[in-house]
>>> print(open('run.pdb').read())   # PDB, C-alpha atoms
ATOM      1  CA  MET F  18      65.668 108.680 128.028
ATOM      2  CA  THR F  19      66.795 106.051 125.539
ATOM      3  CA  GLN F  20      69.744 107.028 123.395
ATOM      4  CA  SER F  21      69.795 106.156 119.717
ATOM      5  CA  PRO F  22      72.285 103.423 118.818
ATOM      6  CA  VAL F  23      75.596 104.728 117.547
ATOM      7  CA  ASP F  24      76.518 103.841 113.993
ATOM      8  CA  TRP F  25      80.235 103.273 114.473
ATOM      9  CA  ASN F  26      80.634 102.356 110.818
ATOM     10  CA  ARG F  27      79.322 105.660 109.421
ATOM     11  CA  PRO F  28      82.561 107.693 109.883
ATOM     12  CA  ARG F  29      84.541 104.818 108.402
ATOM     13  CA  MET F  30      82.350 104.628 105.296
ATOM     14  CA  GLU F  31      82.416 108.398 104.872
ATOM     15  CA  TYR F  32      86.209 108.329 105.071
ATOM     16  CA  TYR F  33      86.343 105.533 102.493
ATOM     17  CA  ARG F  34      84.166 107.587 100.132
ATOM     18  CA  THR F  35      86.445 110.598 100.513
ATOM     19  CA  VAL F  36      89.623 108.627  99.849
ATOM     20  CA  GLY F  37      87.899 106.672  97.101
ATOM     21  CA  ALA F  38      86.854 109.854  95.295
ATOM     22  CA  CYS F  39      90.469 111.062  95.326
ATOM     23  CA  VAL F  40      91.797 107.775  93.920
ATOM     24  CA  ILE F  41      89.053 107.502  91.274
ATOM     25  CA  LYS F  42      89.794 111.036  90.082
ATOM     26  CA  ALA F  43      93.512 110.214  89.809
ATOM     27  CA  LEU F  44      92.891 106.908  88.007
ATOM     28  CA  THR F  45      90.562 108.620  85.535
ATOM     29  CA  ALA F  46      93.182 111.295  84.835
ATOM     30  CA  ASN F  47      95.634 108.449  84.145
ATOM     31  CA  GLY F  48      93.407 106.967  81.445
ATOM     32  CA  PHE F  49      91.599 104.263  83.416
ATOM     33  CA  GLN F  50      87.819 103.937  83.421
ATOM     34  CA  ALA F  51      87.417 104.006  87.184
ATOM     35  CA  ALA F  52      84.420 103.704  89.487
ATOM     36  CA  TYR F  53      83.768 103.423  93.214
ATOM     37  CA  ALA F  54      81.591 100.633  94.606
ATOM     38  CA  GLU F  55      80.239 101.115  98.108
ATOM     39  CA  SER F  56      79.980  97.398  98.830
ATOM     40  CA  CYS F  57      81.018  93.972  97.582
ATOM     41  CA  GLU F  58      77.536  93.498  96.154
ATOM     42  CA  GLU F  59      77.868  96.699  94.107
ATOM     43  CA  ALA F  60      81.320  95.600  92.954
ATOM     44  CA  VAL F  61      79.970  92.284  91.661
ATOM     45  CA  LYS F  62      77.224  94.097  89.732
ATOM     46  CA  ALA F  63      79.807  96.463  88.238
ATOM     47  CA  VAL F  64      81.956  93.544  87.087
ATOM     48  CA  LEU F  65      78.994  91.713  85.542
ATOM     49  CA  ALA F  66      78.143  94.881  83.601
ATOM     50  CA  LEU F  67      81.657  94.832  82.108
ATOM     51  CA  VAL F  68      81.671  91.126  81.215
ATOM     52  CA  PRO F  69      79.480  90.224  78.230
ATOM     53  CA  GLU F  70      77.519  87.013  78.557
ATOM     54  CA  GLY F  71      79.242  84.155  76.768
ATOM     55  CA  SER F  72      82.679  85.771  76.910
ATOM     56  CA  VAL F  73      85.777  83.984  78.177
ATOM     57  CA  VAL F  74      87.110  85.352  81.482
ATOM     58  CA  GLY F  75      90.719  84.783  82.517
ATOM     59  CA  ILE F  76      91.357  85.036  86.256
ATOM     60  CA  PRO F  77      94.993  84.922  87.438
ATOM     61  CA  GLY F  78      96.018  84.606  91.080
ATOM     62  CA  SER F  79      93.655  86.899  92.996
ATOM     63  CA  VAL F  80      92.169  86.388  96.438
ATOM     64  CA  THR F  81      89.936  89.443  95.980
ATOM     65  CA  ILE F  82      88.169  88.054  92.907
ATOM     66  CA  ARG F  83      87.565  84.769  94.699
ATOM     67  CA  GLU F  84      86.411  86.461  97.906
ATOM     68  CA  LEU F  85      83.717  88.136  95.803
ATOM     69  CA  GLY F  86      82.674  84.731  94.453
ATOM     70  CA  LEU F  87      83.076  85.937  90.878
ATOM     71  CA  PRO F  88      84.435  82.686  89.344
ATOM     72  CA  GLU F  89      81.309  80.841  90.479
ATOM     73  CA  ILE F  90      78.937  83.702  89.613
ATOM     74  CA  LEU F  91      80.370  84.064  86.111
ATOM     75  CA  ALA F  92      80.384  80.325  85.468
ATOM     76  CA  ALA F  93      76.746  80.061  86.596
ATOM     77  CA  ARG F  94      75.871  82.855  84.171
ATOM     78  CA  GLY F  95      77.390  80.907  81.300
ATOM     79  CA  ASN F  96      80.795  82.528  80.974
ATOM     80  CA  ARG F  97      83.792  80.268  80.460
ATOM     81  CA  VAL F  98      86.162  80.926  83.354
ATOM     82  CA  VAL F  99      89.843  80.156  82.799
ATOM     83  CA  GLN F 100      92.051  79.955  85.884
ATOM     84  CA  HIS F 101      95.232  78.168  86.867
ATOM     85  CA  TRP F 102      94.257  77.822  90.535
ATOM     86  CA  ASP F 103      93.642  74.111  90.266
ATOM     87  CA  PRO F 104      95.916  71.920  92.431
ATOM     88  CA  SER F 105      95.307  68.942  90.123
ATOM     89  CA  LEU F 106      96.950  70.677  87.147
ATOM     90  CA  LEU F 107     100.324  69.381  86.000
ATOM     91  CA  PRO F 108     103.084  72.021  85.631
ATOM     92  CA  GLU F 109     102.840  71.972  81.831
ATOM     93  CA  ASP F 110      99.049  72.288  82.000
ATOM     94  CA  ARG F 111      99.318  75.209  84.395
ATOM     95  CA  ALA F 112     101.633  77.025  81.974
ATOM     96  CA  GLU F 113      99.097  76.525  79.192
ATOM     97  CA  ARG F 114      96.359  77.846  81.468
ATOM     98  CA  TRP F 115      98.422  81.014  82.022
ATOM     99  CA  ASN F 116      98.459  81.555  78.268
ATOM    100  CA  GLU F 117      94.700  81.025  78.094
ATOM    101  CA  GLU F 118      94.167  83.614  80.816
ATOM    102  CA  LEU F 119      96.194  86.155  78.816
ATOM    103  CA  SER F 120      94.265  85.479  75.603
ATOM    104  CA  SER F 121      90.803  85.552  77.201
ATOM    105  CA  ASP F 122      88.145  88.124  76.306
ATOM    106  CA  ILE F 123      88.303  89.617  79.794
ATOM    107  CA  PHE F 124      91.304  89.640  82.134
ATOM    108  CA  LEU F 125      89.781  89.915  85.608
ATOM    109  CA  THR F 126      92.193  90.586  88.440
ATOM    110  CA  SER F 127      92.962  92.721  91.450
ATOM    111  CA  SER F 128      95.979  94.878  92.253
ATOM    112  CA  ASN F 129      98.356  94.581  95.175
ATOM    113  CA  ALA F 130      98.134  98.330  95.723
ATOM    114  CA  VAL F 131      96.954 101.633  94.242
ATOM    115  CA  THR F 132      98.436 105.021  95.086
ATOM    116  CA  LEU F 133      96.673 108.322  95.709
ATOM    117  CA  ALA F 134      98.147 109.412  92.379
ATOM    118  CA  GLY F 135      96.297 106.604  90.580
ATOM    119  CA  GLU F 136      99.207 104.222  89.988
ATOM    120  CA  LEU F 137      98.677 100.449  90.155
ATOM    121  CA  VAL F 138     101.559  98.595  91.823
ATOM    122  CA  ASN F 139     102.055  94.825  91.730
ATOM    123  CA  ILE F 140     104.704  92.188  92.462
ATOM    124  CA  ASP F 141     104.718  88.660  91.027
ATOM    125  CA  GLY F 142     106.767  85.531  91.323
ATOM    126  CA  THR F 143     106.230  83.983  87.890
ATOM    127  CA  GLY F 144     105.238  87.251  86.193
ATOM    128  CA  ASN F 145     102.139  85.877  84.458
ATOM    129  CA  ARG F 146      99.789  88.238  86.297
ATOM    130  CA  VAL F 147     101.808  91.430  85.790
ATOM    131  CA  ALA F 148     102.372  90.451  82.150
ATOM    132  CA  GLY F 149      98.611  90.353  81.605
ATOM    133  CA  MET F 150      98.229  93.707  83.315
ATOM    134  CA  ALA F 151     100.831  95.408  81.143
ATOM    135  CA  TRP F 152      99.954  93.968  77.738
ATOM    136  CA  ALA F 153      97.193  91.959  76.118
ATOM    137  CA  LYS F 154      94.461  92.601  73.562
ATOM    138  CA  ASN F 155      91.590  91.906  75.918
ATOM    139  CA  ARG F 156      89.592  94.113  78.265
ATOM    140  CA  ILE F 157      91.186  94.285  81.698
ATOM    141  CA  CYS F 158      89.229  94.836  84.878
ATOM    142  CA  PHE F 159      90.896  95.502  88.232
ATOM    143  CA  VAL F 160      88.831  95.090  91.409
ATOM    144  CA  LEU F 161      90.455  96.104  94.687
ATOM    145  CA  GLY F 162      89.480  96.926  98.232
ATOM    146  CA  ILE F 163      89.976 100.290  99.893
ATOM    147  CA  ASN F 164      92.575  98.655 102.162
ATOM    148  CA  LYS F 165      95.005  98.639  99.229
ATOM    149  CA  VAL F 166      95.186 102.418  98.865
ATOM    150  CA  CYS F 167      98.681 103.766  99.629
ATOM    151  CA  ARG F 168     100.077 107.280  99.663
ATOM    152  CA  ASN F 169     102.777 106.678  97.039
ATOM    153  CA  ILE F 170     104.755 104.027  95.171
ATOM    154  CA  GLN F 171     107.236 103.567  98.025
ATOM    155  CA  GLY F 172     104.371 102.937 100.436
ATOM    156  CA  ALA F 173     102.737 100.587  97.958
ATOM    157  CA  LEU F 174     105.886  98.488  97.562
ATOM    158  CA  GLN F 175     106.344  98.346 101.323
ATOM    159  CA  ARG F 176     102.731  97.261 101.775
ATOM    160  CA  ILE F 177     103.157  94.448  99.265
ATOM    161  CA  ARG F 178     106.458  93.187 100.675
ATOM    162  CA  ASP F 179     105.559  93.493 104.371
ATOM    163  CA  TRP F 180     101.909  92.463 104.201
ATOM    164  CA  ALA F 181     100.648  90.845 100.998
ATOM    165  CA  THR F 182     103.636  88.591 100.328
ATOM    166  CA  PRO F 183     103.953  87.038 103.817
ATOM    167  CA  ILE F 184     100.215  86.408 104.045
ATOM    168  CA  ASN F 185     100.091  84.863 100.579
ATOM    169  CA  GLY F 186     103.110  82.795 101.590
ATOM    170  CA  ILE F 187     101.172  81.482 104.573
ATOM    171  CA  ARG F 188      98.162  80.768 102.351
ATOM    172  CA  LEU F 189     100.295  78.798  99.907
ATOM    173  CA  GLY F 190     102.337  77.011 102.571
ATOM    174  CA  MET F 191     105.587  78.513 101.284
ATOM    175  CA  ASP F 192     108.779  78.301 103.319
ATOM    176  CA  LEU F 193     109.732  81.976 103.054
ATOM    177  CA  PRO F 194     111.841  84.117 105.416
ATOM    178  CA  CYS F 195     109.122  86.809 105.412
ATOM    179  CA  VAL F 196     106.575  84.231 106.581
ATOM    180  CA  LYS F 197     108.778  83.427 109.587
ATOM    181  CA  ALA F 198     109.695  87.052 110.332
ATOM    182  CA  GLY F 199     106.303  88.612 109.603
ATOM    183  CA  PHE F 200     107.803  91.221 107.274
ATOM    184  CA  CYS F 201     110.140  91.490 104.271
ATOM    185  CA  VAL F 202     113.811  90.744 104.862
ATOM    186  CA  ASP F 203     114.791  91.094 101.168
ATOM    187  CA  CYS F 204     115.606  87.402 101.049
ATOM    188  CA  LYS F 205     117.859  85.693  98.523
ATOM    189  CA  VAL F 206     116.358  82.203  98.842
ATOM    190  CA  PRO F 207     115.548  80.180  95.679
ATOM    191  CA  GLN F 208     111.823  80.155  96.482
ATOM    192  CA  ARG F 209     111.653  83.979  96.804
ATOM    193  CA  ALA F 210     108.149  85.147  95.831
ATOM    194  CA  CYS F 211     108.937  88.780  94.947
ATOM    195  CA  ARG F 212     110.542  88.760  91.501
ATOM    196  CA  ALA F 213     108.661  90.842  88.922
ATOM    197  CA  VAL F 214     107.586  94.388  89.844
ATOM    198  CA  SER F 215     105.005  96.244  87.753
ATOM    199  CA  ILE F 216     103.953  99.878  88.089
ATOM    200  CA  LEU F 217     101.195 101.087  85.786
ATOM    201  CA  GLU F 218     101.554 104.865  85.846
ATOM    202  CA  ARG F 219      98.948 105.175  83.105
ATOM    203  CA  ALA F 220      96.483 102.844  81.412
ATOM    204  CA  PRO F 221      98.366 100.916  78.681
ATOM    205  CA  TYR F 222      97.948 102.141  75.086
ATOM    206  CA  GLY F 223      95.011 100.670  73.211
ATOM    207  CA  ARG F 224      93.640  98.833  76.254
ATOM    208  CA  ASP F 225      90.098  98.979  77.553
ATOM    209  CA  ALA F 226      91.179  99.244  81.186
ATOM    210  CA  HIS F 227      88.726  99.448  84.087
ATOM    211  CA  VAL F 228      89.276  99.820  87.826
ATOM    212  CA  ILE F 229      86.593  99.211  90.452
ATOM    213  CA  LEU F 230      87.592 100.440  93.913
ATOM    214  CA  VAL F 231      85.469  98.856  96.641
ATOM    215  CA  GLY F 232      84.694 100.546  99.957
ATOM    216  CA  GLU F 233      85.450  97.370 101.891
ATOM    217  CA  ASN F 234      88.549  95.407 102.857
ATOM    218  CA  LEU F 235      89.300  92.747 100.261
ATOM    219  CA  GLY F 236      92.235  90.492  99.487
ATOM    220  CA  TYR F 237      95.710  90.760 100.935
TER     221      TYR F 237
END
>>> encode(input="run.pdb", output="structure tokens")
Amino acid sequence: MTQSPVDWNRPRMEYYRTVGACVIKALTANGFQAAYAESCEEAVKAVLALVPEGSVVGIPGSVTIRELGLPEILAARGNRVVQHWDPSLLPEDRAERWNEELSSDIFLTSSNAVTLAGELVNIDGTGNRVAGMAWAKNRICFVLGINKVCRNIQGALQRIRDWATPINGIRLGMDLPCVKAGFCVDCKVPQRACRAVSILERAPYGRDAHVILVGENLGY
């Protein structure tokens, strides 16, 4: 008798849906317009529905957004994509690009972590990304993978310091103590990457704020 193949991914996806429903409910209660996307493909469709054709889209430092291919997809659709991730930019040009990202029609980013209580937690080096999350006049859209869900703020901060920061340090070729150790050592070096901490307990006043939680692992 031939046994049916086992779908090892089914329990995982069901678990993601359960956790996702909890986080979406909490985010909604906190004033965010939140939705769950089962897959990366669904997430891309959800983002495109939130970005009007012809609008300017500012994308700060986000591996998630680039993993989804959104800069290329949006540009091909005719949106003007503003991003400072261009190694050919001079320092003064990069600073100007940060300002353009903040003043764009859509601020498209991810989040380092989200708690079960619906709080978005982020840490920056320059602060441009967390500044755009906290205040701007544009629509903001967060897209983040289920791997970034944490029980509480303490767990979120630990996740960022022990996981996201060292990996981003490796990606950027930064000489950081956490890169060498593999976890945060609360360094005091001049090139320290963790400098500006942002916790959005609620959606900012007067902001059209959206969160798309994806049932897949994305970003760092």
>>> resolve_selection(input="run.pdb", expression="the PyMOL selection byres ((chain F and resi 178-192) around 8)", output="MDAnalysis selection string")
chainID F and resid 129 174:177 193:196 199:201 208 210:211 237
>>> write_last_selection(input="run.pdb", atoms="C-alpha atoms", output="PDB file, in the coordinates of the input")
ATOM      1  CA  ASN F 129      98.356  94.581  95.175  1.00  0.00           C
ATOM      2  CA  LEU F 174     105.886  98.488  97.562  1.00  0.00           C
ATOM      3  CA  GLN F 175     106.344  98.346 101.323  1.00  0.00           C
ATOM      4  CA  ARG F 176     102.731  97.261 101.775  1.00  0.00           C
ATOM      5  CA  ILE F 177     103.157  94.448  99.265  1.00  0.00           C
ATOM      6  CA  LEU F 193     109.732  81.976 103.054  1.00  0.00           C
ATOM      7  CA  PRO F 194     111.841  84.117 105.416  1.00  0.00           C
ATOM      8  CA  CYS F 195     109.122  86.809 105.412  1.00  0.00           C
ATOM      9  CA  VAL F 196     106.575  84.231 106.581  1.00  0.00           C
ATOM     10  CA  GLY F 199     106.303  88.612 109.603  1.00  0.00           C
ATOM     11  CA  PHE F 200     107.803  91.221 107.274  1.00  0.00           C
ATOM     12  CA  CYS F 201     110.140  91.490 104.271  1.00  0.00           C
ATOM     13  CA  GLN F 208     111.823  80.155  96.482  1.00  0.00           C
ATOM     14  CA  ALA F 210     108.149  85.147  95.831  1.00  0.00           C
ATOM     15  CA  CYS F 211     108.937  88.780  94.947  1.00  0.00           C
ATOM     16  CA  TYR F 237      95.710  90.760 100.935  1.00  0.00           C
TER      17      TYR F 237
END
>>> resolve_selection(input="run.pdb", expression="the PyMOL selection byres ((chain F and resi 152) around 12)", output="number ranges by chain")
F: 119-120, 124, 145-151, 153-157, 215, 217, 220-226
>>> write_last_selection(input="run.pdb", atoms="C-alpha atoms", output="PDB file, keeping the file's coordinate frame")
ATOM      1  CA  LEU F 119      96.194  86.155  78.816  1.00  0.00           C
ATOM      2  CA  SER F 120      94.265  85.479  75.603  1.00  0.00           C
ATOM      3  CA  PHE F 124      91.304  89.640  82.134  1.00  0.00           C
ATOM      4  CA  ASN F 145     102.139  85.877  84.458  1.00  0.00           C
ATOM      5  CA  ARG F 146      99.789  88.238  86.297  1.00  0.00           C
ATOM      6  CA  VAL F 147     101.808  91.430  85.790  1.00  0.00           C
ATOM      7  CA  ALA F 148     102.372  90.451  82.150  1.00  0.00           C
ATOM      8  CA  GLY F 149      98.611  90.353  81.605  1.00  0.00           C
ATOM      9  CA  MET F 150      98.229  93.707  83.315  1.00  0.00           C
ATOM     10  CA  ALA F 151     100.831  95.408  81.143  1.00  0.00           C
ATOM     11  CA  ALA F 153      97.193  91.959  76.118  1.00  0.00           C
ATOM     12  CA  LYS F 154      94.461  92.601  73.562  1.00  0.00           C
ATOM     13  CA  ASN F 155      91.590  91.906  75.918  1.00  0.00           C
ATOM     14  CA  ARG F 156      89.592  94.113  78.265  1.00  0.00           C
ATOM     15  CA  ILE F 157      91.186  94.285  81.698  1.00  0.00           C
ATOM     16  CA  SER F 215     105.005  96.244  87.753  1.00  0.00           C
ATOM     17  CA  LEU F 217     101.195 101.087  85.786  1.00  0.00           C
ATOM     18  CA  ALA F 220      96.483 102.844  81.412  1.00  0.00           C
ATOM     19  CA  PRO F 221      98.366 100.916  78.681  1.00  0.00           C
ATOM     20  CA  TYR F 222      97.948 102.141  75.086  1.00  0.00           C
ATOM     21  CA  GLY F 223      95.011 100.670  73.211  1.00  0.00           C
ATOM     22  CA  ARG F 224      93.640  98.833  76.254  1.00  0.00           C
ATOM     23  CA  ASP F 225      90.098  98.979  77.553  1.00  0.00           C
ATOM     24  CA  ALA F 226      91.179  99.244  81.186  1.00  0.00           C
TER      25      ALA F 226
END
>>> residues_around(input="run.pdb", residues="Gly236 in chain F", least_positions_apart="5", cutoff="8 Å", atoms="all atoms listed in the file", output="number ranges by chain")
F: 79-81, 84, 161-162
>>> resolve_selection(input="run.pdb", expression="the PyMOL selection byres ((chain F and resi 78) around 9)", output="ChimeraX atom specification")
/F:76-77,79-80,82,100-102,126-127,146
>>> atom_distance(input="run.pdb", atom1="CA of Tyr32 in chain F", atom2="CA of Gly172 in chain F")
19.5 Å
>>> residues_around(input="run.pdb", residues="Arg94 in chain F", least_positions_apart="6", cutoff="12 Å", atoms="all atoms listed in the file", output="list in words")
Leu65, Val68, Pro69, Glu70, Gly71, Ser72, Val73, Val74, Leu87 and Pro88 of chain F
>>> atom_distance(input="run.pdb", atom1="CA of Gly95 in chain F", atom2="CA of Val61 in chain F")
15.6 Å
>>> residues_around(input="run.pdb", residues="Glu58 in chain F", least_positions_apart="2", cutoff="12 Å", atoms="only C-alpha atoms", output="JSON list (two decimals) with C-alpha atoms, in the coordinates of the input")
[["chain", "number", "residue", "atom", "x", "y", "z"],
["F", 54, "ALA", "CA", 81.59, 100.63, 94.61],
["F", 55, "GLU", "CA", 80.24, 101.12, 98.11],
["F", 56, "SER", "CA", 79.98, 97.40, 98.83],
["F", 60, "ALA", "CA", 81.32, 95.60, 92.95],
["F", 61, "VAL", "CA", 79.97, 92.28, 91.66],
["F", 62, "LYS", "CA", 77.22, 94.10, 89.73],
["F", 63, "ALA", "CA", 79.81, 96.46, 88.24],
["F", 64, "VAL", "CA", 81.96, 93.54, 87.09],
["F", 65, "LEU", "CA", 78.99, 91.71, 85.54],
["F", 84, "GLU", "CA", 86.41, 86.46, 97.91],
["F", 85, "LEU", "CA", 83.72, 88.14, 95.80],
["F", 86, "GLY", "CA", 82.67, 84.73, 94.45],
["F", 87, "LEU", "CA", 83.08, 85.94, 90.88],
["F", 90, "ILE", "CA", 78.94, 83.70, 89.61],
["F", 231, "VAL", "CA", 85.47, 98.86, 96.64],
["F", 232, "GLY", "CA", 84.69, 100.55, 99.96],
["F", 233, "GLU", "CA", 85.45, 97.37, 101.89]]
>>> axis_aligned_box(input="run.pdb", around="range 52-65 of chain F", padding_each_side="6 Å", output="lines of an AutoDock Vina configuration file")
center_x = 80.8
center_y = 97.7
center_z = 92.2
size_x = 19.2
size_y = 24.0
size_z = 25.3
>>> closest_residue(input="run.pdb", among="F:Trp25, F:Ala198, F:Arg111, F:Ala92", to="Thr143 in chain F", atoms="only C-alpha atoms")
F:Arg111
>>> atom_distance(input="run.pdb", atom1="CA of Ala46 in chain F", atom2="CA of Gly135 in chain F")
8.0 Å
>>> closest_residue(input="run.pdb", among="F:Leu230, F:Leu125, F:Val36, F:Leu235", to="Ala51 in chain F", atoms="all atoms listed in the file")
F:Leu230
>>> closest_residue(input="run.pdb", among="F:Asn96, F:Thr132, F:Asn234, F:Asn26", to="Lys42 in chain F", atoms="only C-alpha atoms")
F:Thr132
>>> closest_residue(input="run.pdb", among="F:Asp203, F:Ala112, F:Ala213, F:Lys197", to="Gly142 in chain F", atoms="only C-alpha atoms")
F:Ala213
>>> residues_around(input="run.pdb", residues="Ala173 in chain F", least_positions_apart="5", cutoff="8 Å", atoms="all atoms listed in the file", output="ChimeraX atom specification")
/F:129-132,138,166-168
>>> closest_residue(input="run.pdb", among="F:Pro28, F:Pro22, F:Pro108, F:Gly48", to="Glu136 in chain F", atoms="only C-alpha atoms")
F:Gly48
>>> decode(input="run.pdb", residues="range 21-37 of chain F", atoms="C-alpha atoms", output="PDB file, in the first residue's frame")
ATOM      1  CA  SER F  21       0.383   9.587   0.648  1.00  0.00           C
ATOM      2  CA  PRO F  22       3.295  12.034   0.762  1.00  0.00           C
ATOM      3  CA  VAL F  23       3.524  13.990   3.987  1.00  0.00           C
ATOM      4  CA  ASP F  24       3.105  17.735   3.734  1.00  0.00           C
ATOM      5  CA  TRP F  25       5.681  18.791   6.306  1.00  0.00           C
ATOM      6  CA  ASN F  26       4.965  22.449   5.618  1.00  0.00           C
ATOM      7  CA  ARG F  27       1.252  22.313   6.505  1.00  0.00           C
ATOM      8  CA  PRO F  28       1.668  22.497  10.330  1.00  0.00           C
ATOM      9  CA  ARG F  29       4.162  25.319   9.893  1.00  0.00           C
ATOM     10  CA  MET F  30       1.795  27.361   7.722  1.00  0.00           C
ATOM     11  CA  GLU F  31      -1.110  26.720  10.078  1.00  0.00           C
ATOM     12  CA  TYR F  32       1.019  27.917  12.987  1.00  0.00           C
ATOM     13  CA  TYR F  33       2.006  31.037  11.046  1.00  0.00           C
ATOM     14  CA  ARG F  34      -1.668  31.799  10.373  1.00  0.00           C
ATOM     15  CA  THR F  35      -2.506  31.441  14.058  1.00  0.00           C
ATOM     16  CA  VAL F  36       0.313  33.714  15.206  1.00  0.00           C
ATOM     17  CA  GLY F  37      -0.363  36.089  12.334  1.00  0.00           C
TER      18      GLY F  37
END
